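*Asks:* One file is attached below, entry-v9.cif, containing mmCIF, C-alpha atoms.
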```cif
data_input
loop_
_atom_site.label_atom_id
_atom_site.label_comp_id
_atom_site.auth_asym_id
_atom_site.auth_seq_id
_atom_site.Cartn_x
_atom_site.Cartn_y
_atom_site.Cartn_z
CA MET A 1 17.26 -35.69 -5.97
CA PRO A 2 14.13 -35.17 -3.87
CA ALA A 3 14.53 -34.46 -0.20
CA GLN A 4 12.93 -37.07 2.02
CA THR A 5 11.29 -37.15 5.41
CA LEU A 6 10.75 -40.60 6.91
CA LEU A 7 8.03 -41.52 9.34
CA ALA A 8 9.22 -45.03 10.34
CA PRO A 9 8.77 -47.78 9.39
CA PRO A 10 9.36 -47.59 5.65
CA ALA A 11 6.67 -48.00 3.05
CA GLY A 12 5.31 -51.50 2.53
CA THR A 13 4.42 -52.24 6.15
CA PRO A 14 1.23 -54.36 6.23
CA GLY A 15 -1.94 -52.42 6.94
CA PRO A 16 -4.50 -52.97 9.68
CA ALA A 17 -7.05 -55.78 9.71
CA GLY A 18 -8.86 -55.83 6.41
CA HIS A 19 -6.12 -53.80 4.74
CA ALA A 20 -3.22 -56.29 4.67
CA ASN A 21 -0.54 -55.36 2.17
CA LEU A 22 -2.62 -52.41 1.01
CA GLU A 23 -0.62 -49.24 0.43
CA VAL A 24 -2.48 -46.17 -0.76
CA ILE A 25 0.00 -43.57 -1.94
CA GLY A 26 -1.11 -39.95 -1.61
CA ILE A 27 0.04 -37.11 -3.86
CA GLY A 28 -0.23 -33.39 -3.22
CA PHE A 29 0.89 -30.26 -5.03
CA ALA A 30 1.12 -26.63 -4.00
CA PRO A 31 2.30 -23.63 -6.03
CA ALA A 32 4.85 -21.00 -5.13
CA HIS A 33 4.28 -17.27 -4.89
CA HIS A 34 6.36 -14.18 -5.67
CA GLY A 35 5.90 -12.06 -2.60
CA GLU A 36 2.83 -9.95 -1.97
CA LEU A 37 0.66 -7.35 -3.63
CA LEU A 38 -0.32 -5.95 -0.24
CA GLN A 39 0.76 -6.71 3.32
CA GLY A 40 0.13 -4.94 6.59
CA MET A 41 -2.28 -4.60 9.50
CA PHE A 42 -6.02 -4.59 8.82
CA LEU A 43 -9.09 -4.15 10.99
CA ASP A 44 -11.93 -6.67 10.99
CA ASP A 45 -15.61 -5.78 11.30
CA ALA A 46 -15.23 -5.55 15.09
CA GLY A 47 -12.27 -3.18 14.84
CA VAL A 48 -9.74 -5.86 15.86
CA PRO A 49 -6.39 -5.57 14.01
CA HIS A 50 -4.95 -8.54 12.14
CA ARG A 51 -1.69 -8.96 10.25
CA ALA A 52 -2.69 -10.02 6.76
CA LEU A 53 -1.53 -10.13 3.15
CA VAL A 54 -2.55 -10.61 -0.45
CA THR A 55 -0.28 -13.11 -2.16
CA LEU A 56 0.97 -12.89 -5.75
CA PRO A 57 0.68 -16.49 -7.06
CA GLN A 58 3.46 -18.06 -9.11
CA PRO A 59 1.79 -21.29 -10.28
CA ALA A 60 4.57 -22.38 -12.66
CA LEU A 61 6.74 -23.27 -9.64
CA GLY A 62 5.82 -25.41 -6.68
CA THR A 63 6.23 -28.52 -4.55
CA ARG A 64 5.09 -32.09 -5.18
CA ALA A 65 4.70 -34.32 -2.13
CA VAL A 66 4.23 -38.09 -2.10
CA PHE A 67 3.03 -39.84 1.08
CA ARG A 68 3.41 -43.60 1.65
CA PRO A 69 1.59 -44.62 4.83
CA SER A 70 2.79 -46.84 7.66
CA TYR A 71 0.21 -48.59 9.82
CA THR A 72 2.29 -49.59 12.83
CA HIS A 73 4.76 -46.82 13.71
CA GLY A 74 4.46 -43.06 13.85
CA GLY A 75 7.99 -42.07 14.76
CA VAL A 76 9.43 -39.23 12.71
CA LEU A 77 12.85 -39.47 11.08
CA GLY A 78 14.52 -37.30 8.49
CA PRO A 79 16.63 -34.23 7.77
CA SER A 80 16.28 -31.46 10.33
CA GLU A 81 15.58 -28.85 7.65
CA LEU A 82 12.27 -30.57 6.91
CA ILE A 83 10.91 -30.23 10.42
CA LYS A 84 7.92 -28.20 9.16
CA VAL A 85 7.05 -30.95 6.70
CA ARG A 86 7.22 -33.61 9.41
CA ARG A 87 5.07 -31.48 11.68
CA ALA A 88 2.53 -30.93 8.89
CA ALA A 89 2.28 -34.67 8.22
CA ILE A 90 1.69 -35.49 11.89
CA LEU A 91 -0.85 -32.69 12.34
CA THR A 92 -2.76 -33.85 9.27
CA LEU A 93 -2.84 -37.47 10.43
CA GLY A 94 -4.28 -36.25 13.71
CA ARG A 95 -7.03 -34.27 11.99
CA LEU A 96 -8.29 -37.01 9.66
CA PRO A 97 -11.35 -38.99 10.82
CA SER A 98 -10.21 -42.10 12.72
CA TYR A 99 -12.34 -44.48 10.65
CA ARG A 100 -10.74 -43.14 7.43
CA SER A 101 -7.24 -42.68 8.80
CA PRO A 102 -5.64 -45.98 9.90
CA ALA A 103 -2.07 -44.88 9.19
CA LYS A 104 0.08 -43.80 12.13
CA GLY A 105 2.93 -42.51 10.04
CA GLY A 106 4.66 -43.13 6.76
CA GLN A 107 7.17 -41.67 4.35
CA ILE A 108 7.06 -38.27 2.70
CA GLU A 109 9.04 -37.42 -0.42
CA ILE A 110 9.33 -33.74 -1.36
CA THR A 111 10.32 -32.48 -4.81
CA SER A 112 10.36 -28.70 -5.19
CA THR A 113 11.23 -26.15 -7.85
CA VAL A 114 10.86 -23.20 -5.46
CA PRO A 115 14.03 -21.26 -4.48
CA HIS A 116 14.59 -21.04 -0.74
CA GLY A 117 14.99 -17.96 1.43
CA ILE A 118 14.09 -15.21 -1.05
CA GLY A 119 10.38 -14.75 -0.38
CA MET A 120 8.76 -17.20 -2.81
CA GLY A 121 7.00 -19.38 -0.24
CA SER A 122 9.14 -22.51 -0.40
CA SER A 123 8.22 -23.69 3.10
CA THR A 124 4.50 -22.97 2.67
CA SER A 125 4.55 -24.83 -0.65
CA ASP A 126 6.27 -27.83 1.00
CA VAL A 127 3.88 -27.84 3.94
CA THR A 128 0.72 -27.40 1.86
CA ALA A 129 1.71 -30.14 -0.58
CA THR A 130 2.43 -32.45 2.37
CA ILE A 131 -0.97 -31.81 3.97
CA ARG A 132 -2.69 -32.55 0.68
CA ALA A 133 -0.66 -35.72 0.09
CA VAL A 134 -1.42 -37.16 3.53
CA ALA A 135 -5.12 -36.39 3.13
CA ASP A 136 -5.12 -37.83 -0.39
CA SER A 137 -3.61 -41.12 0.82
CA HIS A 138 -6.63 -41.54 3.08
CA GLY A 139 -9.23 -40.60 0.49
CA HIS A 140 -10.22 -37.58 2.55
CA PRO A 141 -9.43 -34.31 0.75
CA LEU A 142 -9.50 -31.33 3.09
CA GLU A 143 -11.22 -28.01 2.52
CA LYS A 144 -8.80 -25.19 1.70
CA GLU A 145 -9.69 -23.45 4.99
CA GLU A 146 -8.61 -26.53 6.95
CA VAL A 147 -5.40 -26.79 4.90
CA ALA A 148 -4.69 -23.15 5.76
CA ARG A 149 -5.16 -23.73 9.49
CA LEU A 150 -2.93 -26.80 9.45
CA ALA A 151 -0.23 -24.93 7.48
CA VAL A 152 -0.13 -22.15 10.08
CA LEU A 153 0.07 -24.71 12.91
CA ALA A 154 2.97 -26.40 11.11
CA GLU A 155 5.03 -23.30 10.33
CA CYS A 156 3.64 -20.44 12.48
CA ALA A 157 3.02 -18.18 9.48
CA SER A 158 1.81 -19.06 6.01
CA ASP A 159 0.91 -17.46 2.72
CA SER A 160 -2.38 -18.26 0.99
CA VAL A 161 -1.06 -20.56 -1.76
CA MET A 162 -3.66 -23.19 -0.82
CA ILE A 163 -6.44 -20.79 -1.88
CA CYS A 164 -5.91 -20.71 -5.63
CA ASP A 165 -9.43 -19.92 -6.83
CA GLN A 166 -9.93 -16.56 -5.10
CA VAL A 167 -8.10 -13.32 -4.37
CA VAL A 168 -8.08 -13.09 -0.58
CA LEU A 169 -6.83 -10.96 2.28
CA PHE A 170 -5.26 -13.71 4.40
CA ALA A 171 -4.26 -13.48 8.06
CA GLN A 172 -0.93 -15.28 7.76
CA ARG A 173 -0.45 -16.06 11.47
CA GLU A 174 -4.05 -17.18 12.02
CA GLY A 175 -4.80 -19.14 8.85
CA THR A 176 -8.06 -17.32 8.20
CA VAL A 177 -9.47 -15.22 5.36
CA LEU A 178 -10.43 -11.67 6.31
CA GLU A 179 -11.93 -10.80 2.94
CA VAL A 180 -12.52 -12.30 -0.49
CA PHE A 181 -11.91 -9.64 -3.14
CA GLY A 182 -12.97 -11.72 -6.13
CA GLN A 183 -12.24 -14.78 -8.24
CA GLN A 184 -9.16 -13.56 -10.09
CA LEU A 185 -6.66 -10.76 -10.48
CA PRO A 186 -6.74 -8.47 -13.53
CA PRO A 187 -4.78 -9.93 -16.49
CA MET A 188 -1.18 -9.20 -15.64
CA LEU A 189 2.41 -10.25 -16.19
CA VAL A 190 5.07 -9.66 -13.56
CA LEU A 191 8.76 -9.43 -14.38
CA GLY A 192 10.47 -10.82 -11.31
CA CYS A 193 13.95 -10.09 -10.02
CA ASP A 194 16.04 -10.83 -6.95
CA THR A 195 17.22 -7.60 -5.35
CA ALA A 196 19.81 -9.32 -3.14
CA PRO A 197 20.82 -12.67 -4.67
CA GLU A 198 23.52 -13.27 -2.06
CA GLU A 199 21.10 -12.96 0.88
CA LYS A 200 18.66 -15.43 2.42
CA VAL A 201 15.80 -14.38 4.68
CA ASP A 202 14.42 -16.50 7.53
CA THR A 203 10.84 -15.28 7.78
CA LEU A 204 10.28 -16.48 11.33
CA ARG A 205 13.40 -14.68 12.58
CA LEU A 206 12.09 -11.35 11.33
CA PRO A 207 10.34 -9.37 14.07
CA PRO A 208 6.75 -8.45 13.18
CA ALA A 209 6.67 -4.98 11.64
CA PRO A 210 5.58 -2.40 14.27
CA TYR A 211 3.11 -0.53 12.06
CA ASP A 212 2.01 2.81 13.47
CA ARG A 213 -1.48 4.31 13.41
CA SER A 214 -0.83 6.26 10.25
CA GLU A 215 0.27 3.14 8.39
CA ILE A 216 -2.70 1.12 9.65
CA ALA A 217 -4.97 3.87 8.33
CA GLN A 218 -3.16 3.70 4.97
CA PHE A 219 -3.68 -0.05 4.85
CA GLY A 220 -7.41 0.49 5.19
CA VAL A 221 -7.38 2.79 2.18
CA LEU A 222 -5.23 0.36 0.18
CA ARG A 223 -7.56 -2.50 1.05
CA ALA A 224 -10.52 -0.59 -0.34
CA ALA A 225 -8.55 0.35 -3.47
CA LEU A 226 -7.53 -3.28 -4.06
CA ARG A 227 -11.14 -4.36 -3.64
CA ARG A 228 -12.11 -1.93 -6.41
CA ALA A 229 -9.14 -2.91 -8.60
CA VAL A 230 -10.15 -6.58 -8.56
CA ALA A 231 -13.85 -5.82 -9.07
CA LYS A 232 -13.17 -3.49 -12.02
CA SER A 233 -10.16 -5.43 -13.40
CA ASP A 234 -8.21 -2.18 -13.02
CA LEU A 235 -4.53 -3.09 -13.17
CA ALA A 236 -3.33 0.51 -13.00
CA LEU A 237 -5.05 0.86 -9.62
CA LEU A 238 -3.71 -2.50 -8.46
CA GLY A 239 -0.20 -1.38 -9.42
CA ARG A 240 -0.57 1.75 -7.30
CA VAL A 241 -1.69 -0.36 -4.34
CA ALA A 242 1.28 -2.71 -4.68
CA THR A 243 3.69 0.21 -5.01
CA ALA A 244 2.29 1.93 -1.93
CA SER A 245 2.62 -1.30 0.06
CA ALA A 246 6.21 -1.70 -1.14
CA ARG A 247 7.03 1.85 -0.04
CA ILE A 248 5.62 1.25 3.46
CA ASN A 249 7.72 -1.91 3.65
CA GLN A 250 10.88 0.15 3.10
CA ARG A 251 10.78 0.95 6.83
CA TYR A 252 10.99 -2.74 7.75
CA LEU A 253 12.75 -4.79 5.07
CA PRO A 254 13.97 -2.21 2.55
CA LYS A 255 14.82 -2.96 -1.07
CA PRO A 256 17.72 -0.56 -1.87
CA GLN A 257 16.84 -0.65 -5.58
CA LEU A 258 13.13 0.14 -5.17
CA GLU A 259 13.31 3.62 -6.72
CA MET A 260 15.31 2.28 -9.64
CA LEU A 261 12.74 -0.49 -10.14
CA LEU A 262 9.93 2.06 -10.13
CA ARG A 263 11.77 4.18 -12.69
CA LEU A 264 12.43 1.22 -15.02
CA CYS A 265 8.83 0.07 -14.66
CA ALA A 266 7.50 3.51 -15.68
CA GLU A 267 9.98 3.81 -18.55
CA HIS A 268 8.83 0.51 -20.04
CA GLY A 269 5.08 0.90 -19.65
CA GLY A 270 4.58 -0.94 -16.38
CA CYS A 271 1.92 -0.31 -13.75
CA GLY A 272 3.84 -0.59 -10.48
CA VAL A 273 6.14 -2.69 -8.33
CA GLN A 274 5.38 -5.43 -5.82
CA VAL A 275 7.83 -6.93 -3.31
CA ALA A 276 8.26 -9.85 -0.96
CA HIS A 277 7.66 -8.24 2.41
CA SER A 278 9.74 -10.97 4.03
CA GLY A 279 12.15 -11.77 1.22
CA THR A 280 14.41 -10.29 -1.44
CA VAL A 281 12.36 -10.69 -4.64
CA ALA A 282 10.47 -7.88 -6.33
CA GLY A 283 8.30 -7.75 -9.43
CA LEU A 284 7.49 -5.14 -12.07
CA ILE A 285 3.81 -5.32 -12.99
CA PHE A 286 2.64 -5.10 -16.62
CA ASP A 287 -0.85 -5.17 -18.13
CA ALA A 288 -1.13 -8.39 -20.15
CA ARG A 289 -3.71 -6.65 -22.38
CA ALA A 290 -1.44 -3.77 -23.42
CA GLU A 291 -0.01 -3.45 -26.89
CA GLN A 292 3.64 -4.49 -27.29
CA VAL A 293 3.69 -5.76 -23.71
CA ALA A 294 6.06 -8.62 -24.62
CA ALA A 295 8.58 -6.28 -26.24
CA ASN A 296 8.35 -3.84 -23.33
CA ILE A 297 8.97 -6.61 -20.82
CA ASP A 298 11.97 -7.92 -22.75
CA ARG A 299 13.52 -4.45 -22.90
CA CYS A 300 12.88 -4.00 -19.18
CA ALA A 301 14.50 -7.38 -18.48
CA ASP A 302 17.58 -6.22 -20.38
CA ALA A 303 17.67 -3.05 -18.28
CA LEU A 304 17.42 -5.07 -15.06
CA SER A 305 20.29 -7.30 -16.15
CA ASP A 306 22.36 -4.24 -17.10
CA ALA A 307 21.75 -2.93 -13.57
CA GLY A 308 23.12 -6.16 -12.11
CA LEU A 309 19.83 -7.64 -10.89
CA ALA A 310 19.03 -11.31 -11.43
CA VAL A 311 15.78 -11.83 -13.34
CA THR A 312 13.73 -14.60 -11.68
CA GLY A 313 11.30 -15.04 -14.56
CA LEU A 314 8.08 -13.74 -16.04
CA ILE A 315 5.11 -14.60 -13.86
CA ASP A 316 1.53 -15.06 -14.98
CA PRO A 317 -0.50 -15.33 -11.75
CA ALA A 318 -3.38 -16.92 -13.71
CA GLY A 319 -1.15 -19.85 -14.65
CA ARG A 320 -1.38 -19.44 -18.39
CA GLY A 321 2.29 -20.29 -18.69
CA ASP A 322 5.17 -18.44 -17.06
CA ARG A 323 8.19 -17.96 -19.26
CA GLN A 324 11.64 -16.47 -19.22
CA PRO A 325 12.11 -13.07 -20.92
CA ALA A 326 14.30 -12.99 -23.99
CA PRO A 327 18.01 -12.87 -23.10
CA ALA A 328 19.84 -9.58 -23.33
CA GLY A 329 20.74 -8.70 -26.89
CA ALA A 330 18.24 -11.13 -28.42
#
```
Please express the file's structure as structure tokens.
*Replies:*
Amino acid sequence: MPAQTLLAPPAGTPGPAGHANLEVIGIGFAPAHHGELLQGMFLDDAGVPHRALVTLPQPALGTRAVFRPSYTHGGVLGPSELIKVRRAAILTLGRLPSYRSPAKGGQIEITSTVPHGIGMGSSTSDVTATIRAVADSHGHPLEKEEVARLAVLAECASDSVMICDQVVLFAQREGTVLEVFGQQLPPMLVLGCDTAPEEKVDTLRLPPAPYDRSEIAQFGVLRAALRRAVAKSDLALLGRVATASARINQRYLPKPQLEMLLRLCAEHGGCGVQVAHSGTVAGLIFDARAEQVAANIDRCADALSDAGLAVTGLIDPAGRGDRQPAPAGA
């Protein structure tokens, strides 16, 4: 059953003058992600540091939001766990042009396939889908940059799932893009796993990582390497960047199995390991263009299962169709 957030009164309330009995339902969708390829502290052109990340998209999972407007009341009702969704709806209503935005409130329905608390962006997906649904109901689609700013206002920190047509370095607590690396990642498949299936991570309760000067310098080098990897479609280089970022993250939210994951990845022809820097998922990166990549991934999935790790799926960031690896023994 979908979770619901109600902005009273319920749907069906007559509209304003000239819009009696008119209800324009808005629909929005936002994908999930599977942690990050790179996350850290980066300097802008003026030398000012910003916390920023490069998201690994997981477009096969996501959130669908439906908004039914109310024209007379804007009070917010609903389950407390959807407070970010309620906030996103109210913020979006306030940003829409007054002549195109007669609704004061309404009803939001959220249906999501994104697991919670493991670093796959469930809250950002919910919030982004909500913003898009509210805007859609008013016939006023928002630019992705505005969606990003609203998402950060609604939840304090956000991944870049609303920017699906570019590879970006995204300042997650500011809602701004520091750099566009290119239009798409190199062709890749990522075998995902949950390194701590019994744990849940509350991103906002995690203290910001206190990166030192040496790490900030490393992030500058990794940023340049990722820029080249995207430009040259060099997945081996991208894998090294993701692995280096994962190793730096071991100081702040360690994955006890990281060395084992790196070993299994190398043994089965992979290019590196990426992690959720504020979650428990990790992914083994494979070149989608390599020979026997499917067989290598299936054997690696068996090895992960034998090691007691839950496989979360096989991710294609380009959205060509995520799938589950073959079961062990198949």
*Asks:* For this file, the PyMOL selection byres ((chain A and resi 297) around 12) selects which residues, as an MDAnalysis selection string?
*Replies:* chainID A and resid 188:192 264:271 283:288 290:296 298:304 311 313:315 323:328
*Asks:* What residues have an atom no more than 9 Å from (-5.0, -33.8, 6.0) in the file's own frame, counting only C-alpha atoms, and can you write them as JSON, numbers by chain?
*Replies:* {"A": [88, 89, 91, 92, 93, 94, 95, 96, 130, 131, 132, 133, 134, 135, 136, 138, 140, 141, 142, 146, 147, 150]}
*Asks:* Translate the PyMOL selection byres ((chain A and resi 158) around 6), as applied to the file shown, into an explicit residue set as a list of chain:residue names.
*Replies:*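 Matching residues under the PyMOL selection byres ((chain A and resi 158) around 6) are A:Thr124, A:Val152, A:Ala157, A:Asp159, A:Gln172.
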*Asks:* What's the separation between CA of Leu43 in chain A and CA of Phe170 in chain A, in Å to one decimal place?
*Replies:*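 Between CA of Leu43 in chain A and CA of Phe170 in chain A the gap is 12.2 Å.
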*Asks:* Just so the selection is clear, what residues does the PyMOL selection byres ((chain A and resi 175) around 12) cover here, as a PyMOL selection string?
*Replies:* chain A and resi 50-53+124+144-163+168-174+176-178
*Asks:* Can I get the selection written as a short mmCIF file (atom, residue, chain, number, x, y, z; two decimals), keeping the file's coordinate frame, with C-alpha atoms?
*Replies:*
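The new file part_37.cif reads:
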```cif
data_model
loop_
_atom_site.label_atom_id
_atom_site.label_comp_id
_atom_site.auth_asym_id
_atom_site.auth_seq_id
_atom_site.Cartn_x
_atom_site.Cartn_y
_atom_site.Cartn_z
CA HIS A 50 -4.95 -8.54 12.14
CA ARG A 51 -1.69 -8.96 10.25
CA ALA A 52 -2.69 -10.02 6.76
CA LEU A 53 -1.53 -10.13 3.15
CA THR A 124 4.50 -22.97 2.67
CA LYS A 144 -8.80 -25.19 1.70
CA GLU A 145 -9.69 -23.45 4.99
CA GLU A 146 -8.61 -26.53 6.95
CA VAL A 147 -5.40 -26.79 4.90
CA ALA A 148 -4.69 -23.15 5.76
CA ARG A 149 -5.16 -23.73 9.49
CA LEU A 150 -2.93 -26.80 9.45
CA ALA A 151 -0.23 -24.93 7.48
CA VAL A 152 -0.13 -22.15 10.08
CA LEU A 153 0.07 -24.71 12.91
CA ALA A 154 2.97 -26.40 11.11
CA GLU A 155 5.03 -23.30 10.33
CA CYS A 156 3.64 -20.44 12.48
CA ALA A 157 3.02 -18.18 9.48
CA SER A 158 1.81 -19.06 6.01
CA ASP A 159 0.91 -17.46 2.72
CA SER A 160 -2.38 -18.26 0.99
CA VAL A 161 -1.06 -20.56 -1.76
CA MET A 162 -3.66 -23.19 -0.82
CA ILE A 163 -6.44 -20.79 -1.88
CA VAL A 168 -8.08 -13.09 -0.58
CA LEU A 169 -6.83 -10.96 2.28
CA PHE A 170 -5.26 -13.71 4.40
CA ALA A 171 -4.26 -13.48 8.06
CA GLN A 172 -0.93 -15.28 7.76
CA ARG A 173 -0.45 -16.06 11.47
CA GLU A 174 -4.05 -17.18 12.02
CA THR A 176 -8.06 -17.32 8.20
CA VAL A 177 -9.47 -15.22 5.36
CA LEU A 178 -10.43 -11.67 6.31
#
```
